[in-house]
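Structure below is data-v8.txt: compact mmCIF, C-alpha atoms.
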# COMPACT_ATOMS: atom_id res chain seq x y z
CA MET A 1 125.01 90.98 86.62
CA THR A 2 121.92 91.18 84.43
CA ARG A 3 119.64 94.15 83.95
CA THR A 4 117.02 92.50 86.13
CA ASP A 5 119.57 92.01 88.92
CA VAL A 6 120.54 95.70 88.79
CA ILE A 7 116.90 96.76 88.98
CA GLN A 8 116.26 94.50 91.99
CA LEU A 9 119.40 95.87 93.69
CA LEU A 10 118.17 99.43 93.13
CA TYR A 11 114.83 98.47 94.66
CA ILE A 12 116.61 97.16 97.77
CA VAL A 13 118.54 100.44 98.08
CA ALA A 14 115.26 102.32 97.73
CA PHE A 15 113.62 100.24 100.47
CA VAL A 16 116.48 100.94 102.86
CA LEU A 17 116.14 104.66 102.19
CA PHE A 18 112.34 104.48 102.67
CA ILE A 19 112.69 102.85 106.06
CA THR A 20 115.55 105.14 107.14
CA GLY A 21 113.60 108.24 106.12
CA LEU A 22 110.45 107.01 107.85
CA ARG A 23 112.35 106.42 111.07
CA MET A 24 113.86 109.92 110.94
CA LEU A 25 110.37 111.44 110.69
CA ARG A 26 109.86 110.63 114.37
CA GLY A 27 111.32 113.97 115.51
CA PRO A 28 111.42 117.50 114.08
CA ARG A 29 115.21 117.72 114.27
CA THR A 30 115.62 114.87 111.79
CA ALA A 31 112.29 115.10 109.94
CA VAL A 32 113.52 117.32 107.09
CA ARG A 33 116.54 115.12 106.43
CA GLY A 34 114.37 112.01 106.69
CA ASN A 35 111.98 113.42 104.12
CA GLN A 36 114.90 114.13 101.79
CA ILE A 37 116.32 110.62 102.22
CA ALA A 38 112.92 109.04 101.51
CA ALA A 39 112.56 111.27 98.44
CA VAL A 40 115.91 110.02 97.13
CA GLY A 41 114.70 106.48 97.70
CA MET A 42 111.53 107.20 95.75
CA ALA A 43 113.55 108.71 92.90
CA ILE A 44 115.67 105.55 92.75
CA ALA A 45 112.55 103.34 92.81
CA VAL A 46 110.93 105.33 90.00
CA GLY A 47 114.13 105.22 87.96
CA ALA A 48 114.42 101.46 88.45
CA THR A 49 110.80 100.98 87.36
CA LEU A 50 111.28 103.09 84.25
CA ALA A 51 114.43 101.10 83.42
CA GLN A 52 112.44 97.91 83.04
CA PRO A 53 111.92 96.71 79.46
CA GLY A 54 108.54 97.42 77.88
CA VAL A 55 107.66 100.07 80.46
CA GLY A 56 105.22 101.85 78.14
CA ASP A 57 104.76 105.05 76.17
CA TRP A 58 107.55 107.42 77.23
CA VAL A 59 105.75 110.46 75.86
CA LEU A 60 102.75 109.84 78.11
CA ILE A 61 105.06 109.19 81.07
CA VAL A 62 106.93 112.47 80.58
CA VAL A 63 103.67 114.41 80.11
CA GLY A 64 102.19 112.84 83.25
CA VAL A 65 105.28 113.68 85.34
CA ALA A 66 105.30 117.23 83.99
CA ILE A 67 101.62 117.79 84.79
CA GLY A 68 101.99 116.33 88.28
CA THR A 69 105.07 118.45 88.98
CA ALA A 70 103.41 121.62 87.67
CA ILE A 71 100.45 121.09 90.00
CA GLY A 72 102.08 119.54 93.04
CA VAL A 73 105.15 121.70 93.62
CA PRO A 74 103.43 125.14 93.56
CA ALA A 75 100.55 123.80 95.65
CA ALA A 76 102.86 122.37 98.30
CA ARG A 77 105.02 125.50 98.44
CA SER A 78 102.15 127.97 98.67
CA VAL A 79 99.80 126.18 101.07
CA HIS A 80 99.37 127.77 104.50
CA MET A 81 99.97 125.57 107.52
CA THR A 82 96.34 126.08 108.53
CA ALA A 83 95.31 124.45 105.24
CA MET A 84 97.79 121.58 105.48
CA PRO A 85 95.16 119.04 106.69
CA GLN A 86 93.09 119.74 103.57
CA MET A 87 96.13 119.26 101.35
CA VAL A 88 97.08 116.03 103.09
CA ALA A 89 93.54 114.72 102.58
CA LEU A 90 93.48 115.82 98.94
CA PHE A 91 96.87 114.37 98.04
CA ASN A 92 96.02 111.14 99.86
CA GLY A 93 92.85 110.94 97.78
CA VAL A 94 94.89 111.37 94.61
CA GLY A 95 96.93 108.33 95.62
CA GLY A 96 93.82 106.23 96.19
CA GLY A 97 92.33 107.42 92.91
CA ALA A 98 95.51 106.53 91.04
CA VAL A 99 95.39 102.99 92.43
CA ALA A 100 91.72 102.64 91.45
CA LEU A 101 92.56 103.74 87.89
CA ILE A 102 95.45 101.26 87.75
CA SER A 103 93.05 98.49 88.72
CA VAL A 104 90.68 99.54 85.91
CA VAL A 105 93.47 99.54 83.33
CA GLU A 106 94.79 96.16 84.46
CA PHE A 107 91.33 94.59 84.44
CA ARG A 108 90.49 95.89 80.97
CA SER A 109 93.87 95.16 79.40
CA GLU A 110 93.88 91.41 79.96
CA THR A 111 91.61 88.39 79.54
CA ASP A 112 91.75 85.23 81.63
CA ILE A 113 93.60 87.05 84.39
CA PRO A 114 95.23 84.58 86.83
CA LEU A 115 93.53 84.47 90.21
CA ASP A 116 96.70 85.52 92.06
CA THR A 117 96.67 88.70 89.98
CA LEU A 118 92.90 89.22 89.80
CA ILE A 119 92.35 89.22 93.57
CA PRO A 120 94.88 92.04 94.21
CA ILE A 121 93.29 94.01 91.34
CA LEU A 122 89.87 93.71 92.96
CA LEU A 123 91.23 94.65 96.40
CA ALA A 124 93.01 97.67 94.91
CA ALA A 125 89.77 98.74 93.21
CA ILE A 126 87.70 98.54 96.41
CA ILE A 127 90.18 100.08 98.84
CA GLY A 128 91.46 102.69 96.36
CA SER A 129 87.93 103.86 95.55
CA ILE A 130 87.01 104.14 99.24
CA SER A 131 90.18 106.14 99.90
CA PHE A 132 89.68 108.46 96.92
CA TRP A 133 86.09 109.42 97.62
CA GLY A 134 86.49 109.45 101.40
CA SER A 135 89.55 111.69 101.18
CA ASN A 136 87.76 114.12 98.91
CA ILE A 137 84.86 114.37 101.36
CA ALA A 138 87.40 114.95 104.17
CA PHE A 139 88.91 117.76 102.08
CA LEU A 140 85.51 119.38 101.52
CA LYS A 141 84.65 119.22 105.22
CA LEU A 142 88.02 120.58 106.35
CA GLN A 143 87.77 123.36 103.79
CA GLU A 144 84.27 124.05 105.18
CA LEU A 145 82.76 123.60 101.72
CA MET A 146 80.57 120.86 103.17
CA LYS A 147 79.16 121.82 106.55
CA ARG A 148 76.08 119.67 106.79
CA ALA A 149 76.47 116.32 108.55
CA ILE A 150 74.51 113.65 106.70
CA ARG A 151 74.15 110.48 108.72
CA THR A 152 73.16 107.23 107.08
CA PRO A 153 72.09 104.04 108.88
CA ARG A 154 74.90 101.56 109.48
CA VAL A 155 73.01 98.99 107.44
CA VAL A 156 73.42 101.17 104.34
CA ASN A 157 77.19 101.31 104.70
CA GLY A 158 77.28 97.62 105.48
CA ALA A 159 75.21 96.88 102.39
CA LEU A 160 77.52 98.91 100.16
CA LEU A 161 80.56 97.03 101.45
CA GLY A 162 78.71 93.74 101.04
CA ILE A 163 77.78 94.58 97.44
CA ALA A 164 81.39 95.40 96.58
CA ILE A 165 82.63 92.15 98.12
CA VAL A 166 79.94 90.00 96.49
CA LEU A 167 80.62 91.50 93.06
CA ALA A 168 84.35 90.93 93.56
CA VAL A 169 83.68 87.28 94.42
CA ILE A 170 81.54 86.90 91.28
CA ILE A 171 84.32 88.31 89.11
CA ALA A 172 86.95 86.16 90.85
CA ALA A 173 84.73 83.13 90.25
CA GLY A 174 85.02 83.57 86.49
CA SER A 175 82.87 86.48 85.31
CA GLU A 176 84.70 88.97 83.11
CA SER A 177 81.87 91.55 83.11
CA GLU A 178 83.29 95.06 82.95
CA LEU A 179 79.95 96.40 84.22
CA LEU A 180 80.36 94.45 87.46
CA PHE A 181 83.82 95.95 87.90
CA TRP A 182 82.47 99.49 87.50
CA LEU A 183 79.72 98.64 90.00
CA ILE A 184 82.45 97.61 92.46
CA LEU A 185 84.08 101.01 92.06
CA ALA A 186 80.72 102.77 92.43
CA SER A 187 79.64 100.91 95.58
CA ALA A 188 83.08 101.31 97.20
CA GLY A 189 83.09 105.01 96.30
CA ALA A 190 79.62 105.49 97.77
CA LEU A 191 80.83 103.79 100.96
CA GLY A 192 83.78 106.18 101.15
CA VAL A 193 81.45 109.17 100.80
CA LEU A 194 78.81 108.01 103.28
CA ALA A 195 81.37 106.85 105.85
CA VAL A 196 83.14 110.22 106.03
CA THR A 197 80.19 112.59 105.51
CA PRO A 198 78.90 112.44 109.13
CA ILE A 199 82.33 112.90 110.68
CA GLY A 200 83.37 116.32 111.99
CA GLY A 201 86.65 118.08 112.57
CA ALA A 202 87.26 116.62 116.02
CA ASP A 203 87.70 113.16 114.50
CA MET A 204 89.48 114.20 111.33
CA PRO A 205 93.00 113.24 112.51
CA VAL A 206 91.80 109.64 112.89
CA VAL A 207 89.93 109.74 109.57
CA ILE A 208 92.91 111.12 107.64
CA SER A 209 95.24 108.55 109.17
CA THR A 210 92.80 105.71 108.38
CA LEU A 211 92.36 106.80 104.77
CA ASN A 212 96.13 107.15 104.47
CA ALA A 213 96.50 103.55 105.62
CA PHE A 214 93.84 102.51 103.07
CA THR A 215 95.77 104.21 100.28
CA GLY A 216 98.95 102.40 101.30
CA LEU A 217 97.22 99.03 101.39
CA SER A 218 95.59 99.63 98.01
CA ALA A 219 98.98 100.58 96.57
CA ALA A 220 100.49 97.37 97.95
CA ALA A 221 97.68 95.38 96.32
CA ALA A 222 98.32 97.16 93.03
CA GLY A 223 102.02 96.34 93.40
CA ILE A 224 101.18 92.65 93.71
CA ALA A 225 99.00 92.84 90.60
CA LEU A 226 101.74 94.63 88.67
CA ASP A 227 104.53 92.47 90.16
CA ASN A 228 106.24 95.70 91.24
CA THR A 229 108.31 95.14 94.37
CA ALA A 230 108.81 98.85 95.05
CA LEU A 231 105.08 99.51 95.06
CA ILE A 232 104.46 96.56 97.38
CA VAL A 233 107.03 97.67 99.95
CA ALA A 234 106.15 101.37 99.82
CA GLY A 235 102.45 100.59 100.09
CA MET A 236 102.94 98.28 103.06
CA LEU A 237 105.09 100.87 104.84
CA VAL A 238 102.37 103.49 104.40
CA GLY A 239 99.62 101.04 105.31
CA ALA A 240 101.39 99.74 108.42
CA SER A 241 102.48 103.15 109.73
CA GLY A 242 99.04 104.62 109.05
CA SER A 243 97.34 101.73 110.83
CA ILE A 244 99.58 102.05 113.89
CA LEU A 245 99.02 105.81 114.03
CA THR A 246 95.26 105.35 113.69
CA LYS A 247 95.22 102.86 116.57
CA GLN A 248 97.26 105.19 118.78
CA MET A 249 95.01 108.17 118.13
CA ALA A 250 91.84 106.16 118.63
CA GLU A 251 93.20 104.98 121.97
CA ALA A 252 93.99 108.60 122.87
CA MET A 253 90.29 109.34 122.33
CA ASN A 254 89.22 106.14 124.17
CA ARG A 255 87.23 105.11 121.12
CA SER A 256 87.34 102.37 118.55
CA ILE A 257 87.78 102.99 114.83
CA LEU A 258 84.23 101.74 114.22
CA ASN A 259 82.97 104.24 116.78
CA VAL A 260 84.74 107.08 114.99
CA PHE A 261 83.24 106.17 111.63
CA PHE A 262 79.76 105.11 112.72
CA ALA A 263 78.87 106.83 116.00
CA GLY A 264 78.57 110.33 114.52
CA VAL A 265 80.51 111.89 117.40
CA GLY A 266 82.41 114.97 116.36
CA ALA A 267 80.04 115.87 113.59
CA GLY A 268 79.12 119.05 115.34
CA GLY A 269 75.79 119.99 116.77
CA ALA A 270 73.97 122.53 118.82
CA ALA A 271 75.93 123.76 121.80
CA LEU A 272 74.34 123.68 125.21
CA PRO A 273 73.17 127.08 126.46
CA ALA A 274 75.93 129.23 127.90
CA GLY A 275 76.10 128.78 131.62
CA GLU A 276 74.72 125.24 131.64
CA GLY A 277 78.20 124.03 132.39
CA GLY A 278 77.68 124.99 136.04
CA GLY A 279 78.04 128.76 136.49
CA THR A 280 78.81 132.00 134.73
CA ALA A 281 81.87 132.51 132.57
CA ARG A 282 84.20 135.27 133.74
CA ALA A 283 85.73 137.57 131.12
CA THR A 284 89.17 139.11 131.47
CA SER A 285 91.47 141.54 129.63
CA ALA A 286 94.84 141.25 127.95
CA ALA A 287 96.38 143.44 130.67
CA ASP A 288 95.19 141.15 133.47
CA VAL A 289 96.40 138.06 131.60
CA ALA A 290 99.81 139.70 131.07
CA ILE A 291 100.20 140.31 134.79
CA GLN A 292 99.30 136.72 135.66
CA LEU A 293 101.71 135.30 133.10
CA SER A 294 104.60 137.63 133.96
CA TYR A 295 104.59 136.70 137.65
CA ALA A 296 104.06 132.99 137.21
CA ARG A 297 106.71 130.35 137.77
CA LEU A 298 105.30 127.80 135.30
CA VAL A 299 103.01 128.54 132.35
CA VAL A 300 101.63 125.69 130.25
CA ILE A 301 100.30 126.71 126.84
CA VAL A 302 97.63 124.41 125.38
CA PRO A 303 97.31 124.98 121.60
CA GLY A 304 94.24 123.89 119.64
CA TYR A 305 92.60 124.36 116.28
CA GLY A 306 91.70 127.95 117.18
CA MET A 307 95.40 128.77 117.17
CA ALA A 308 95.76 127.19 113.74
CA VAL A 309 92.78 129.03 112.26
CA ALA A 310 94.06 132.39 113.54
CA GLN A 311 97.64 131.56 112.42
CA ALA A 312 98.74 132.61 115.89
CA GLN A 313 101.65 130.19 116.28
CA ARG A 314 104.36 132.81 115.77
CA ALA A 315 102.71 135.26 118.16
CA VAL A 316 102.48 132.42 120.71
CA ALA A 317 106.16 131.60 120.22
CA ASP A 318 107.09 135.27 120.70
CA LEU A 319 105.02 135.43 123.90
CA ALA A 320 106.75 132.31 125.22
CA LYS A 321 110.19 133.82 124.52
CA GLU A 322 109.26 137.07 126.26
CA LEU A 323 108.05 135.21 129.34
CA GLU A 324 111.20 133.10 129.44
CA LYS A 325 113.27 136.30 129.42
CA ARG A 326 111.51 137.14 132.69
CA GLY A 327 112.40 133.77 134.23
CA VAL A 328 109.05 132.08 133.61
CA GLU A 329 109.17 128.40 132.66
CA VAL A 330 106.99 127.82 129.59
CA LEU A 331 105.88 124.42 128.31
CA PHE A 332 103.44 123.37 125.59
CA ALA A 333 100.84 120.64 126.17
CA ILE A 334 100.14 118.59 123.02
CA HIS A 335 97.09 116.36 122.85
CA PRO A 336 97.35 113.52 120.29
CA VAL A 337 94.23 114.62 118.40
CA ALA A 338 94.47 118.40 118.76
CA GLY A 339 93.97 120.06 115.38
CA ARG A 340 92.82 118.48 112.16
CA MET A 341 95.59 116.06 111.26
CA PRO A 342 98.11 113.90 113.12
CA GLY A 343 100.84 116.08 114.62
CA HIS A 344 99.10 119.29 113.55
CA MET A 345 100.14 121.31 116.63
CA ASN A 346 103.71 119.97 116.50
CA VAL A 347 104.06 121.09 112.90
CA LEU A 348 102.65 124.57 113.56
CA LEU A 349 104.86 125.20 116.59
CA ALA A 350 107.94 123.79 114.86
CA GLU A 351 107.25 126.23 112.02
CA ALA A 352 107.32 129.01 114.63
CA ASP A 353 110.72 127.76 115.90
CA VAL A 354 109.45 126.56 119.28
CA PRO A 355 112.15 124.21 120.67
CA TYR A 356 111.09 120.57 120.43
CA GLU A 357 111.92 119.89 124.07
CA LYS A 358 109.24 122.42 125.05
CA LEU A 359 106.53 120.32 123.37
CA LYS A 360 105.21 117.81 125.89
CA GLU A 361 102.91 114.95 124.99
CA MET A 362 99.78 114.38 127.07
CA ASP A 363 101.18 111.66 129.32
CA ASP A 364 104.27 113.76 130.09
CA ILE A 365 102.54 117.09 130.72
CA ASN A 366 99.50 115.98 132.75
CA PRO A 367 101.51 115.44 135.98
CA GLU A 368 102.86 119.00 135.57
CA PHE A 369 99.48 120.74 135.74
CA ALA A 370 99.32 120.34 139.53
CA ARG A 371 102.30 122.71 139.85
CA THR A 372 101.28 124.97 136.97
CA ASP A 373 100.50 128.57 137.93
CA VAL A 374 98.72 129.47 134.67
CA ALA A 375 97.39 127.23 131.92
CA LEU A 376 96.87 129.27 128.74
CA VAL A 377 94.36 127.46 126.50
CA ILE A 378 94.37 128.77 122.92
CA GLY A 379 91.46 127.49 120.88
CA ALA A 380 91.36 124.01 122.41
CA ASN A 381 87.98 122.78 123.59
CA ASP A 382 87.07 119.09 123.68
CA VAL A 383 90.61 117.97 124.60
CA THR A 384 90.41 120.05 127.82
CA ASN A 385 86.80 119.19 128.74
CA PRO A 386 86.56 117.71 132.28
CA ALA A 387 83.23 116.13 131.33
CA ALA A 388 85.30 113.38 129.71
CA ARG A 389 86.10 112.15 133.23
CA SER A 390 82.77 112.39 135.00
CA VAL A 391 79.76 112.75 132.68
CA LYS A 392 78.93 109.20 131.61
CA ASP A 393 76.38 110.17 128.96
CA SER A 394 78.81 112.61 127.35
CA PRO A 395 79.97 111.63 123.83
CA ILE A 396 83.56 112.17 124.96
CA TYR A 397 83.27 110.23 128.23
CA GLY A 398 86.42 108.22 128.85
CA MET A 399 88.54 110.17 126.37
CA PRO A 400 91.94 111.02 127.88
CA ILE A 401 92.20 114.81 128.18
CA LEU A 402 94.75 117.39 129.22
CA ASP A 403 94.33 118.03 132.97
CA VAL A 404 94.08 121.79 132.50
CA ASP A 405 91.54 122.16 135.34
CA LYS A 406 94.20 121.06 137.84
CA ALA A 407 96.27 124.22 137.23
CA ALA A 408 96.09 127.04 139.79
CA SER A 409 94.66 129.42 137.17
CA VAL A 410 93.28 128.92 133.67
CA ILE A 411 93.04 131.47 130.86
CA VAL A 412 91.01 130.46 127.80
CA LEU A 413 91.43 132.36 124.51
CA LYS A 414 88.32 131.85 122.42
CA ARG A 415 86.15 133.73 119.95
CA SER A 416 82.92 132.91 121.76
CA MET A 417 81.26 130.46 124.13
CA SER A 418 80.42 128.10 121.27
CA SER A 419 80.99 124.38 121.77
CA GLY A 420 83.70 122.27 120.21
CA PHE A 421 83.16 119.73 117.46
CA ALA A 422 81.68 117.23 119.92
CA GLY A 423 78.77 119.67 120.27
CA ILE A 424 78.85 119.82 124.08
CA ASP A 425 79.48 122.51 126.65
CA ASN A 426 82.79 122.68 128.52
CA PRO A 427 82.49 122.99 132.32
CA LEU A 428 86.06 124.32 132.40
CA PHE A 429 84.80 127.66 131.07
CA TYR A 430 82.64 128.15 134.18
CA ASP A 431 85.21 127.09 136.75
CA PRO A 432 85.80 129.96 139.24
CA LYS A 433 89.55 129.88 138.50
CA THR A 434 88.99 130.17 134.73
CA ALA A 435 88.93 133.50 132.88
CA MET A 436 87.88 133.93 129.25
CA LEU A 437 89.65 136.30 126.87
CA PHE A 438 87.37 136.61 123.86
CA GLY A 439 88.55 137.48 120.36
CA ASP A 440 90.77 136.30 117.53
CA ALA A 441 93.60 134.21 118.98
CA LYS A 442 96.37 136.01 117.09
CA ALA A 443 95.10 139.45 118.06
CA SER A 444 94.60 138.39 121.69
CA VAL A 445 98.09 136.88 122.00
CA SER A 446 99.62 139.97 120.35
CA ASP A 447 97.79 142.20 122.84
CA ILE A 448 99.01 140.08 125.75
CA LEU A 449 102.58 140.26 124.41
CA SER A 450 102.39 144.04 124.17
CA GLU A 451 101.13 144.27 127.75
CA VAL A 452 103.89 141.95 129.00
CA GLN A 453 106.54 144.05 127.27
CA ALA A 454 105.07 147.19 128.84
CA LEU A 455 105.36 145.84 132.40

Since I need it in another form, could you write the structure as structure tokens?
Amino acid sequence: MTRTDVIQLLYIVAFVLFITGLRMLRGPRTAVRGNQIAAVGMAIAVGATLAQPGVGDWVLIVVGVAIGTAIGVPAARSVHMTAMPQMVALFNGVGGGAVALISVVEFRSETDIPLDTLIPILLAAIIGSISFWGSNIAFLKLQELMKRAIRTPRVVNGALLGIAIVLAVIIAAGSESELLFWLILASAGALGVLAVTPIGGADMPVVISTLNAFTGLSAAAAGIALDNTALIVAGMLVGASGSILTKQMAEAMNRSILNVFFAGVGAGGAALPAGEGGGTARATSAADVAIQLSYARLVVIVPGYGMAVAQAQRAVADLAKELEKRGVEVLFAIHPVAGRMPGHMNVLLAEADVPYEKLKEMDDINPEFARTDVALVIGANDVTNPAARSVKDSPIYGMPILDVDKAASVIVLKRSMSSGFAGIDNPLFYDPKTAMLFGDAKASVSDILSEVQAL
């Protein structure tokens, strides 16, 4: 068996581990082990790549690995779960940026590049640049360092994409102009910035998933250019899984991907005046909420971004345990796009040791609301808004929501009457059976828990 055969065999082993690990990420019980298995596969793939002859300057490779490890490991270990969406966006951007740089190096290092290599290089440059700049804008918006929504006409974004494609065609047709290549990167980067800038937090799960798919596809293109099988397979796995996830989340919002990126919905905006939802909101106290919860048969907790911001997941888990001690059935309703990244609520609640079987997806929990005594909504807004069913001119009309309004009683924990990221009022807040408990979610849940324990 030759050295090349051994390397190809190691790649096959790595692919099997990639796919096995990815499959195990489907549930929290196996997710940690799946992540470890995929990491072993990546280590094998990296080792096989470095074992190839003429791999490059080993000093630079070691320095690069050391720098990446020194930055990545402490950042991943110290990040709070509330900041995880920002980190996901930032790290995804790093991947796209790396692919764009690879395309630059490959383009500059050779002359008379074969067309079957040049085309993947150009694709990697365009998609990688879009992913890098778009992911960085997503990071800035999630970190609230960029709060202003800047909308640009669709024709501008279309023109930028057209420029990048035309320049790529010119280069593929025989031009070796390095200036044209840099213009491709610039136009694709500008497209990434302008496409993500108008998008707000409500749509960020879809945006992050889309950009993740872009990064995977750009990596696969780079793998074709480099003739690296591991990079091709890993990139296609990321691209395919990200694309499927994006489609599923867009369907959960009853919107197309183009609508997410170009309609401007979710970019925030002025809330409607309090009370315009059809009545007057009714305030309540932690003591009253505790009584309702303690004597209920079924309580459904609906977590949202407000829970994540307040880091209230552990207090919520403690409240659920205390209620279960009193014979109350407690379930958690998870909307596909609740939070700021795919699976955000699942990750937060798993961190707080909430049993996985208690987490119910939208389609499973909606039939349960009709028999629910109390629905406890913690920082969720647009995903519980009944206007999605009936108000045709609403920006969220047609979006599948959690049927919270069908519960016998609804308690909403919220800082104020401000609107969600869709910028519209929520009629649920003014429903006669809804009571509002204002304040920080963690403090409010802790107060409720204390009152329950005192009963």

Query - CA of Val65 in chain A to CA of Val94 in chain A, distance in Å rounded to a single decimal - result: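 According to the coordinates, CA of Val65 in chain A and CA of Val94 in chain A are separated by 14.1 Å.
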
**Report entry** Nearest candidate to Val337 in chain A (options A:Ala443, A:Met24, A:Val206, A:Val193; using only C-alpha atoms)
**Finding:**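 Looking only at the distances to Val337 in chain A, the closest residue turns out to be A:Val206.
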
Report task. Would you mind telling me which residue in A:Ile67, A:Ala221, A:Leu226, A:Ile401 lies nearest to Val55 in chain A when using all atoms listed in the file? Result ->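 Of A:Ile67, A:Ala221, A:Leu226, A:Ile401, the one nearest Val55 in chain A is A:Leu226, counting all atoms listed in the file.
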
Report task. Could you jot down the CA of Thr246 in chain A to CA of Met399 in chain A separation for me, Å, one decimal place? Result ->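 Value for the CA of Thr246 in chain A-CA of Met399 in chain A distance: 15.1 Å.
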
Requested in this report: Would you work out the distance separating CA of Ile378 in chain A from CA of His335 in chain A, expressed in Å to one decimal?
Outcome: 12.7 Å

Requested in this report: Write out as a list in words the residues lying within 7 Å of Leu211 in chain A, counting only C-alpha atoms and excluding same-chain residues fewer than 3 positions away.
Outcome: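 Once the adjacent positions are removed, what remains is Ser131, Ser135, Val207, Ile208, Phe214 and Thr215 of chain A.
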
Query - Residues within 10 Å of (87.7, 137.7, 132.8), file coords, all atoms listed in the file, listed as a list in words - result: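 Those residues, ordered by chain and then number, are Ala281, Arg282, Ala283, Thr284, Ser285, Ala286, Asp288, Val289, Ile411, Val412, Lys433, Thr434, Ala435, Met436, Leu437 and Phe438 of chain A.
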
Query raised in the report: For Ser444 in chain A, which residue out of A:Val238, A:Ala75, A:Ala100, A:Val316 is the nearest one, using only C-alpha atoms?
Result: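 For Ser444 in chain A, the nearest of the given residues is A:Val316.
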